[in-house]
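Source file: work.txt (compact mmCIF, C-alpha atoms (C1' of nucleotides))
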```
# COMPACT_ATOMS: atom_id res chain seq x y z
CA MET O 29 -61.47 3.37 -44.59
CA THR O 30 -57.74 3.85 -44.26
CA VAL O 31 -55.92 6.05 -41.88
CA GLN O 32 -52.94 7.86 -43.34
CA THR O 33 -50.67 8.93 -40.54
CA ARG O 34 -47.84 10.25 -42.72
CA PRO O 35 -47.72 12.06 -46.03
CA GLU O 36 -45.03 9.68 -47.26
CA PRO O 37 -44.73 7.51 -50.31
CA ALA O 38 -44.85 3.85 -49.41
CA ASP O 39 -41.22 3.29 -50.36
CA ALA O 40 -39.93 5.79 -47.87
CA ALA O 41 -42.06 4.56 -45.01
CA GLY O 42 -39.65 1.71 -44.29
CA LEU O 43 -36.76 4.04 -43.56
CA GLN O 44 -36.35 5.34 -40.05
CA LEU O 45 -33.09 7.00 -39.24
CA ASP O 46 -32.99 5.76 -35.66
CA ALA O 47 -33.25 2.16 -36.79
CA TYR O 48 -30.90 2.57 -39.73
CA LEU O 49 -27.81 0.52 -39.09
CA PRO O 50 -25.22 2.75 -40.78
CA TYR O 51 -26.55 5.64 -38.71
CA ARG O 52 -26.46 3.72 -35.43
CA LEU O 53 -22.98 2.51 -36.25
CA SER O 54 -21.66 5.95 -37.07
CA VAL O 55 -23.13 7.63 -34.02
CA ALA O 56 -21.91 4.94 -31.65
CA SER O 57 -18.46 4.93 -33.20
CA ASN O 58 -18.15 8.70 -33.04
CA ALA O 59 -19.17 8.76 -29.40
CA VAL O 60 -16.66 6.07 -28.46
CA SER O 61 -13.89 7.51 -30.62
CA ARG O 62 -14.33 10.96 -29.17
CA LEU O 63 -14.09 9.56 -25.67
CA ILE O 64 -10.99 7.50 -26.37
CA ALA O 65 -9.29 10.20 -28.44
CA ARG O 66 -9.71 12.72 -25.66
CA ALA O 67 -8.27 10.32 -23.10
CA TYR O 68 -5.16 9.58 -25.13
CA GLU O 69 -4.69 13.16 -26.24
CA ASP O 70 -5.13 14.72 -22.82
CA ARG O 71 -3.03 12.32 -20.84
CA PHE O 72 -0.38 11.20 -23.28
CA GLY O 73 -0.47 13.58 -26.22
CA LEU O 74 -1.22 10.74 -28.61
CA THR O 75 -3.62 10.80 -31.52
CA ILE O 76 -5.64 7.72 -32.37
CA PRO O 77 -3.49 6.79 -35.39
CA GLN O 78 -0.35 7.18 -33.28
CA TRP O 79 -1.80 4.99 -30.57
CA ARG O 80 -2.68 2.33 -33.12
CA LEU O 81 0.85 2.24 -34.43
CA VAL O 82 2.19 1.89 -30.90
CA CYS O 83 -0.20 -1.00 -30.26
CA VAL O 84 0.62 -2.88 -33.41
CA LEU O 85 4.37 -2.45 -32.97
CA ALA O 86 4.11 -3.60 -29.37
CA GLU O 87 2.12 -6.63 -30.43
CA ASP O 88 3.90 -7.69 -33.57
CA GLY O 89 7.34 -6.11 -33.33
CA PRO O 90 9.18 -3.94 -35.88
CA MET O 91 7.90 -3.61 -39.41
CA ASN O 92 7.91 -1.12 -42.24
CA GLN O 93 5.20 1.43 -42.90
CA SER O 94 3.39 -0.43 -45.63
CA ALA O 95 3.05 -3.38 -43.29
CA LEU O 96 1.54 -0.96 -40.77
CA VAL O 97 -0.85 0.23 -43.45
CA SER O 98 -2.19 -3.24 -44.19
CA ARG O 99 -2.15 -4.20 -40.53
CA THR O 100 -4.18 -1.20 -39.36
CA GLY O 101 -6.24 -0.44 -42.46
CA MET O 102 -5.31 3.22 -42.20
CA ASP O 103 -4.27 5.36 -45.12
CA LYS O 104 -0.56 5.45 -45.91
CA VAL O 105 -0.56 9.21 -45.46
CA THR O 106 -2.07 8.81 -42.01
CA VAL O 107 0.52 6.21 -41.10
CA SER O 108 3.34 8.40 -42.40
CA ARG O 109 2.23 11.38 -40.35
CA ALA O 110 1.60 9.35 -37.23
CA ALA O 111 5.04 7.77 -37.50
CA GLN O 112 6.70 11.15 -37.98
CA GLY O 113 5.04 12.47 -34.85
CA LEU O 114 6.11 9.48 -32.81
CA ILE O 115 9.66 9.65 -34.12
CA LYS O 116 9.84 13.31 -33.19
CA ARG O 117 8.95 12.33 -29.64
CA HIS O 118 11.48 9.49 -29.67
CA LEU O 119 8.79 6.89 -29.10
CA LEU O 120 9.64 5.27 -32.42
CA GLU O 121 12.96 4.55 -34.02
CA ARG O 122 13.68 4.12 -37.63
CA SER O 123 16.40 2.13 -39.28
CA GLU O 124 17.36 1.72 -42.89
CA ASN O 125 16.27 -1.45 -44.55
CA ASP O 126 19.36 -2.64 -46.38
CA ARG O 127 17.25 -5.03 -48.42
CA ASP O 128 15.11 -2.20 -49.78
CA GLY O 129 16.28 1.39 -49.96
CA ARG O 130 12.74 2.71 -50.24
CA SER O 131 11.42 1.43 -46.97
CA HIS O 132 12.57 1.86 -43.43
CA VAL O 133 11.85 -0.36 -40.48
CA VAL O 134 10.15 1.33 -37.57
CA ALA O 135 10.22 -0.04 -34.05
CA LEU O 136 9.17 1.12 -30.63
CA SER O 137 11.94 2.72 -28.65
CA LEU O 138 12.41 1.76 -25.03
CA GLU O 139 10.42 4.84 -24.12
CA GLY O 140 7.74 3.75 -26.56
CA VAL O 141 7.52 0.35 -24.95
CA ARG O 142 7.21 2.01 -21.58
CA LEU O 143 4.46 4.30 -22.82
CA HIS O 144 2.55 1.37 -24.27
CA ALA O 145 2.80 -0.50 -21.00
CA GLU O 146 1.47 2.57 -19.26
CA ILE O 147 -1.46 3.17 -21.59
CA ALA O 148 -2.57 -0.42 -22.18
CA PRO O 149 -4.26 -0.83 -18.78
CA LEU O 150 -6.09 2.44 -19.29
CA ALA O 151 -7.25 1.31 -22.71
CA LEU O 152 -8.52 -1.95 -21.29
CA ALA O 153 -10.24 -0.10 -18.47
CA TYR O 154 -12.09 2.05 -20.98
CA GLU O 155 -13.19 -1.01 -22.89
CA ALA O 156 -14.31 -2.67 -19.68
CA ALA O 157 -16.29 0.41 -18.69
CA LEU O 158 -17.95 0.57 -22.08
CA ILE O 159 -19.11 -3.03 -22.02
CA SER O 160 -19.89 -3.21 -18.33
CA GLY O 161 -23.27 -4.75 -17.87
CA LEU O 162 -23.10 -6.62 -21.15
CA ASP O 163 -23.01 -10.36 -21.39
CA PRO O 164 -19.52 -11.45 -22.56
CA HIS O 165 -21.26 -13.60 -25.11
CA GLU O 166 -22.97 -10.52 -26.50
CA VAL O 167 -19.69 -8.67 -26.70
CA ALA O 168 -18.10 -11.50 -28.63
CA LEU O 169 -21.02 -11.51 -31.02
CA LEU O 170 -20.78 -7.75 -31.39
CA LYS O 171 -17.14 -7.95 -32.43
CA ARG O 172 -17.94 -10.71 -34.88
CA LEU O 173 -20.77 -8.73 -36.43
CA LEU O 174 -18.61 -5.64 -36.73
CA LEU O 175 -16.05 -7.67 -38.64
CA ARG O 176 -18.78 -8.99 -40.90
CA LEU O 177 -20.06 -5.50 -41.60
CA GLN O 178 -16.57 -4.26 -42.35
CA GLY O 179 -16.06 -7.11 -44.78
CA ALA O 180 -19.42 -6.59 -46.45
CA ALA O 181 -18.75 -2.87 -46.85
CA GLY O 182 -15.40 -3.62 -48.40
CA VAL O 183 -16.91 -6.06 -50.86
CA LEU O 184 -19.68 -3.65 -51.81
CA ALA O 185 -17.07 -0.94 -52.32
CA GLY O 186 -15.30 -3.19 -54.79
CA GLU O 187 -12.36 -4.24 -52.66
CA ALA O 188 -11.05 -7.73 -52.62
CA PRO O 189 -12.77 -9.67 -49.86
CA SER O 190 -11.04 -9.01 -46.56
CA PRO O 191 -8.92 -11.69 -44.91
CA GLY O 192 -11.40 -11.95 -42.05
CA MET M 13 10.57 -23.30 -16.42
CA THR M 14 8.54 -20.59 -18.11
CA VAL M 15 8.41 -19.74 -21.76
CA GLN M 16 8.35 -16.04 -22.54
CA THR M 17 6.99 -15.54 -26.02
CA ARG M 18 6.89 -11.76 -25.91
CA PRO M 19 9.03 -9.08 -24.31
CA GLU M 20 5.93 -7.44 -22.87
CA PRO M 21 4.99 -6.44 -19.37
CA ALA M 22 2.12 -8.52 -18.08
CA ASP M 23 -0.25 -5.57 -18.06
CA ALA M 24 0.07 -4.98 -21.76
CA ALA M 25 -0.34 -8.61 -22.72
CA GLY M 26 -4.12 -8.35 -22.43
CA LEU M 27 -4.38 -5.72 -25.12
CA GLN M 28 -4.69 -6.84 -28.69
CA LEU M 29 -5.71 -4.24 -31.18
CA ASP M 30 -7.72 -6.63 -33.33
CA ALA M 31 -9.88 -7.63 -30.41
CA TYR M 32 -10.16 -4.12 -29.00
CA LEU M 33 -13.75 -3.03 -29.26
CA PRO M 34 -13.19 0.69 -29.91
CA TYR M 35 -10.89 -0.26 -32.74
CA ARG M 36 -13.28 -2.78 -34.29
CA LEU M 37 -16.06 -0.26 -33.99
CA SER M 38 -14.11 2.54 -35.61
CA VAL M 39 -12.84 0.44 -38.50
CA ALA M 40 -16.26 -1.02 -39.24
CA SER M 41 -17.93 2.36 -39.02
CA ASN M 42 -15.38 4.00 -41.29
CA ALA M 43 -15.78 1.28 -43.89
CA VAL M 44 -19.57 1.54 -43.87
CA SER M 45 -19.58 5.34 -43.77
CA ARG M 46 -17.20 5.58 -46.68
CA LEU M 47 -19.40 3.27 -48.72
CA ILE M 48 -22.60 5.12 -47.94
CA ALA M 49 -21.07 8.57 -48.30
CA ARG M 50 -19.76 7.75 -51.72
CA ALA M 51 -23.14 6.45 -52.84
CA TYR M 52 -25.02 9.56 -51.75
CA GLU M 53 -22.36 11.94 -52.96
CA ASP M 54 -21.93 10.36 -56.38
CA ARG M 55 -25.55 9.86 -57.22
CA PHE M 56 -27.31 12.69 -55.46
CA GLY M 57 -24.68 15.20 -54.45
CA LEU M 58 -25.62 14.84 -50.80
CA THR M 59 -23.28 14.72 -47.84
CA ILE M 60 -24.06 12.45 -44.91
CA PRO M 61 -25.20 15.33 -42.65
CA GLN M 62 -27.45 16.61 -45.43
CA TRP M 63 -28.94 13.19 -45.93
CA ARG M 64 -29.61 12.89 -42.21
CA LEU M 65 -31.49 16.16 -42.16
CA VAL M 66 -33.58 15.06 -45.11
CA CYS M 67 -34.41 11.79 -43.34
CA VAL M 68 -35.39 13.39 -40.08
CA LEU M 69 -37.51 16.05 -41.74
CA ALA M 70 -39.22 13.42 -43.86
CA GLU M 71 -39.93 11.34 -40.78
CA ASP M 72 -40.89 13.95 -38.26
CA GLY M 73 -41.92 16.96 -40.31
CA PRO M 74 -40.75 20.59 -40.02
CA MET M 75 -38.70 21.72 -37.05
CA ASN M 76 -36.06 24.29 -36.20
CA GLN M 77 -32.35 23.68 -36.31
CA SER M 78 -31.80 23.11 -32.62
CA ALA M 79 -34.43 20.40 -32.75
CA LEU M 80 -32.45 18.89 -35.61
CA VAL M 81 -29.33 19.08 -33.47
CA SER M 82 -30.84 17.13 -30.60
CA ARG M 83 -32.61 14.76 -32.97
CA THR M 84 -29.50 13.81 -34.93
CA GLY M 85 -26.80 14.33 -32.32
CA MET M 86 -24.76 16.32 -34.81
CA ASP M 87 -22.99 19.56 -33.99
CA LYS M 88 -24.99 22.74 -34.53
CA VAL M 89 -22.36 23.98 -36.95
CA THR M 90 -22.71 20.80 -38.98
CA VAL M 91 -26.47 21.17 -39.02
CA SER M 92 -26.24 24.82 -40.01
CA ARG M 93 -23.95 24.12 -42.92
CA ALA M 94 -25.91 21.10 -44.09
CA ALA M 95 -29.13 23.12 -44.01
CA GLN M 96 -27.53 25.95 -45.97
CA GLY M 97 -26.43 23.55 -48.67
CA LEU M 98 -29.88 22.01 -48.92
CA ILE M 99 -31.57 25.41 -49.02
CA LYS M 100 -29.26 26.50 -51.82
CA ARG M 101 -30.43 23.48 -53.80
CA HIS M 102 -34.08 24.22 -52.96
CA LEU M 103 -34.49 20.89 -51.19
CA LEU M 104 -35.25 22.69 -47.95
CA GLU M 105 -37.38 25.72 -47.23
CA ARG M 106 -37.10 28.09 -44.36
CA SER M 107 -39.77 30.19 -42.76
CA GLU M 108 -39.64 32.72 -39.97
CA ASN M 109 -40.80 31.58 -36.61
CA ASP M 110 -43.04 34.40 -35.39
CA ARG M 111 -42.92 33.03 -31.86
CA ASP M 112 -39.13 33.32 -31.74
CA GLY M 113 -37.18 35.71 -33.89
CA ARG M 114 -33.95 33.78 -33.42
CA SER M 115 -35.03 30.51 -34.90
CA HIS M 116 -36.44 29.56 -38.25
CA VAL M 117 -38.46 26.51 -39.15
CA VAL M 118 -36.99 24.35 -41.87
CA ALA M 119 -39.04 21.91 -43.89
CA LEU M 120 -38.53 19.72 -46.92
CA SER M 121 -39.62 21.31 -50.16
CA LEU M 122 -41.65 19.27 -52.61
CA GLU M 123 -38.45 18.55 -54.43
CA GLY M 124 -36.88 17.50 -51.15
CA VAL M 125 -39.70 15.07 -50.48
CA ARG M 126 -39.25 13.66 -53.95
CA LEU M 127 -35.53 13.23 -53.43
CA HIS M 128 -36.09 11.46 -50.14
CA ALA M 129 -38.53 9.09 -51.76
CA GLU M 130 -35.96 8.38 -54.41
CA ILE M 131 -33.04 7.76 -52.07
CA ALA M 132 -34.81 5.84 -49.31
CA PRO M 133 -35.06 2.57 -51.25
CA LEU M 134 -31.38 2.81 -52.13
CA ALA M 135 -30.50 3.39 -48.49
CA LEU M 136 -32.54 0.39 -47.45
CA ALA M 137 -30.93 -1.69 -50.17
CA TYR M 138 -27.50 -0.83 -48.85
CA GLU M 139 -28.51 -1.79 -45.36
CA ALA M 140 -29.97 -5.04 -46.63
CA ALA M 141 -26.78 -5.82 -48.52
CA LEU M 142 -24.67 -5.10 -45.47
CA ILE M 143 -26.63 -7.40 -43.20
CA SER M 144 -27.36 -10.09 -45.76
CA GLY M 145 -26.61 -13.45 -44.30
CA LEU M 146 -27.11 -12.26 -40.76
CA ASP M 147 -29.86 -13.53 -38.53
CA PRO M 148 -32.44 -10.73 -38.04
CA HIS M 149 -32.22 -11.45 -34.35
CA GLU M 150 -28.50 -10.76 -34.45
CA VAL M 151 -29.09 -7.49 -36.27
CA ALA M 152 -31.58 -6.37 -33.68
CA LEU M 153 -29.11 -7.22 -30.95
CA LEU M 154 -26.38 -5.36 -32.79
CA LYS M 155 -28.44 -2.19 -32.93
CA ARG M 156 -29.29 -2.50 -29.26
CA LEU M 157 -25.66 -2.98 -28.31
CA LEU M 158 -24.60 0.01 -30.39
CA LEU M 159 -27.10 2.14 -28.53
CA ARG M 160 -25.76 0.85 -25.24
CA LEU M 161 -22.20 1.67 -26.23
CA GLN M 162 -23.19 5.14 -27.33
CA GLY M 163 -24.90 5.74 -24.01
CA ALA M 164 -21.98 4.37 -22.02
CA ALA M 165 -19.52 6.55 -23.95
CA GLY M 166 -21.68 9.57 -23.29
CA VAL M 167 -21.83 8.84 -19.58
CA LEU M 168 -18.08 8.28 -19.36
CA ALA M 169 -17.54 11.55 -21.21
CA GLY M 170 -19.56 13.32 -18.54
CA GLU M 171 -22.74 13.90 -20.46
CA ALA M 172 -26.13 13.47 -18.94
CA PRO M 173 -27.30 9.91 -19.53
CA SER M 174 -28.87 9.66 -22.97
CA PRO M 175 -32.61 9.22 -23.40
CA GLY M 176 -32.10 5.72 -24.80
C1' DG L 16 22.45 -3.71 -67.63
C1' DC L 17 18.66 -0.73 -69.27
C1' DG L 18 14.07 0.94 -69.67
C1' DA L 19 8.88 0.32 -68.25
C1' DG L 20 6.12 -0.26 -64.71
C1' DA L 21 5.37 -1.29 -59.66
C1' DT L 22 6.10 0.05 -54.88
C1' DA L 23 7.61 2.92 -50.38
C1' DG L 24 7.07 6.98 -48.55
C1' DT L 25 6.44 12.20 -48.58
C1' DA L 26 4.50 16.68 -49.98
C1' DT L 27 0.68 19.35 -51.42
C1' DC L 28 -3.90 20.83 -51.67
C1' DA L 29 -8.78 21.21 -50.98
C1' DA L 30 -12.54 19.79 -48.20
C1' DA L 31 -14.65 18.54 -43.62
C1' DC L 32 -14.71 18.99 -38.75
C1' DG L 33 -15.51 21.10 -34.37
C1' DC L 34 -14.36 24.64 -31.08
C1' DA L 35 -14.70 29.36 -29.85
C1' DA L 36 -16.24 33.85 -30.71
C1' DC L 37 -19.83 36.57 -32.37
C1' DT L 38 -24.70 38.67 -33.39
C1' DA L 39 -29.35 38.69 -32.49
C1' DT L 40 -33.11 37.54 -29.77
C1' DC L 41 -35.49 35.87 -25.82
C1' DT L 42 -36.32 35.16 -20.60
C1' DA L 43 -36.19 36.36 -15.90
C1' DC L 44 -35.59 39.03 -12.17
C1' DC L 45 -35.36 43.27 -9.79
C1' DG H 19 -38.83 48.39 -18.23
C1' DG H 20 -34.14 47.51 -18.17
C1' DT H 21 -30.37 44.74 -17.48
C1' DA H 22 -27.97 39.92 -16.94
C1' DG H 23 -27.78 35.71 -18.56
C1' DA H 24 -29.53 32.02 -21.73
C1' DT H 25 -30.45 30.41 -26.40
C1' DA H 26 -30.56 30.21 -31.94
C1' DG H 27 -27.77 30.35 -35.46
C1' DT H 28 -23.59 31.95 -38.25
C1' DT H 29 -18.85 32.99 -39.13
C1' DG H 30 -13.86 32.40 -38.50
C1' DC H 31 -10.12 29.63 -37.61
C1' DG H 32 -6.97 25.97 -36.66
C1' DT H 33 -6.70 20.98 -37.15
C1' DT H 34 -7.41 16.76 -39.39
C1' DT H 35 -8.42 14.12 -43.39
C1' DG H 36 -7.79 11.76 -47.72
C1' DA H 37 -6.98 12.11 -52.77
C1' DT H 38 -3.39 13.32 -55.99
C1' DA H 39 1.05 14.14 -57.45
C1' DC H 40 5.77 13.53 -56.79
C1' DT H 41 10.60 11.40 -55.69
C1' DA H 42 13.26 7.53 -54.96
C1' DT H 43 13.95 2.83 -55.36
C1' DC H 44 13.02 -1.81 -56.82
C1' DT H 45 11.62 -5.64 -60.26
C1' DC H 46 11.04 -7.71 -64.45
C1' DG H 47 11.72 -8.57 -69.24
C1' DC H 48 14.64 -8.18 -72.90
```
So that I can check it, write out the structure of this file as structure tokens.
Amino acid sequence: MTVQTRPEPADAAGLQLDAYLPYRLSVASNAVSRLIARAYEDRFGLTIPQWRLVCVLAEDGPMNQSALVSRTGMDKVTVSRAAQGLIKRHLLERSENDRDGRSHVVALSLEGVRLHAEIAPLALAYEAALISGLDPHEVALLKRLLLRLQGAAGVLAGEAPSPG
Amino acid sequence: MTVQTRPEPADAAGLQLDAYLPYRLSVASNAVSRLIARAYEDRFGLTIPQWRLVCVLAEDGPMNQSALVSRTGMDKVTVSRAAQGLIKRHLLERSENDRDGRSHVVALSLEGVRLHAEIAPLALAYEAALISGLDPHEVALLKRLLLRLQGAAGVLAGEAPSPG
DNA sequence: GCGAGATAGTATCAAACGCAACTATCTACC
DNA sequence: GGTAGATAGTTGCGTTTGATACTATCTCGC
């Protein structure tokens, strides 16, 4: 005598939204992104893409927009718009690239460097608050797994395997 | 004699975008979401919110929209629009709630149940492909950590602590 | 050097998102 | 029992997003 608790076909029984990794990933990411986006927007008037450009330029120095695209993984349209916004606020400066008339080199202005130095501690504080109570070893594993997932998704989507 | 490799203030030196958890999380989530969204959209004409409603209704049975909101964590507008789309395709059915004239009860139609049974194995296959090569123990930890992050983000954003 | 195709970046458009405002209904208190 | 405030759900609207198309420039082969 069998007990049938659900009117489900057997195939579907294995799927539970709460335990479904893409779901968990999306919900967690949205919650964190919303938090971070609000912080940057409210206090500094920066969008997430703008903040990413500032970070990368502060880390790696001046580069052109296509380098920013491959560095950040964002769409070239997103990068273009973010750069325009930052330039309008004089946080970024643009210079002609005499080796290639199509591309320009963008760099943080002095004000941009100052802003980055001001935001960075806040960004780190948010990260610290998010992972407080977690074993550092777990956090390292988490980051590694996220990279793996990103790579696997890229491969399944038909991209060339990521350089990670 | 000190060597200064970067023209950065000390505070900013600790921030590297690649190792920044919110960034890793967002990039991984976007990659996975894009993959999954394309699969559902191309093959079944479902958006992610629509698919989530189908899943929850298949798992938990009929409920009203505000229950769907708290169950999925999505915005009520998102739920409303997703439900409308599903109703238009006769995958969902709606009945009056005689106990409360404001709310309606939505339930999967027979066709909706069939669709869920058809998609569920595909969804599970995608998950399996994403985590292939990972230790099941690591995957379990990953899901737990994602829940923790979601909860921490909610708390930092001023929400009531999540029921997780 | 000149024409075909690749690449850098921008403009345009349609779809998705979420907030706020709105309607309709319910609850609670006097 | 009637009025104030809460709740269910929809609509409208401004913003953001990403795909596509476009301009300008570069590269390669001849």
* Asked: Please, what distance in Å, to one decimal, runs between atom CA of O:Ala181 and atom CA of M:Val44?
  -> 5.4 Å
* Find the residues of chain L in contact range of chain M, meaning any atom within 9 Å when counting all atoms listed in the file, and list them as a PyMOL selection string. => chain L and resi 32-33+39-41
Selection from above, C-alpha atoms (C1' of nucleotides), as a PDB file, keeping the file's coordinate frame, can you write it?
```pdb
ATOM      1  C1'  DC L  32     -14.710  18.990 -38.750  1.00  0.00           C
ATOM      2  C1'  DG L  33     -15.510  21.100 -34.370  1.00  0.00           C
ATOM      3  C1'  DA L  39     -29.350  38.690 -32.490  1.00  0.00           C
ATOM      4  C1'  DT L  40     -33.110  37.540 -29.770  1.00  0.00           C
ATOM      5  C1'  DC L  41     -35.490  35.870 -25.820  1.00  0.00           C
TER       6       DC L  41
END
```
* Given a cut-off of 12 Å, which residues of chain H touch chain M, counting only C-alpha atoms (C1' of nucleotides), written out as a ChimeraX atom specification? -> /H:25-29,36
* To do: Output as a ChimeraX atom specification the set of chain O residues within 7 Å of chain M, with distances taken over all atoms listed in the file.
  => /O:37,39-40,43,45,49-50,52-54,56-57,59-61,63,83-84,145,148-149,152,155,158,170-171,174-175,177-178,180-182,185
* To do: Excluding H:DC40 and any residue of its chain fewer than 5 positions from it, enumerate the residues within 12 Å of it, using only C-alpha atoms (C1' of nucleotides), and give them as number ranges by chain.
  => L: 24-27
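From atom C1' of H:DC46 back to atom C1' of L:DA21, the distance works out to 9.8 Å.
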* To do: State, in Å with one decimal place, the distance from atom CA of M:Arg55 to atom CA of M:Glu105.
  =>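 Rounded to one decimal, the two atoms are 22.2 Å apart.
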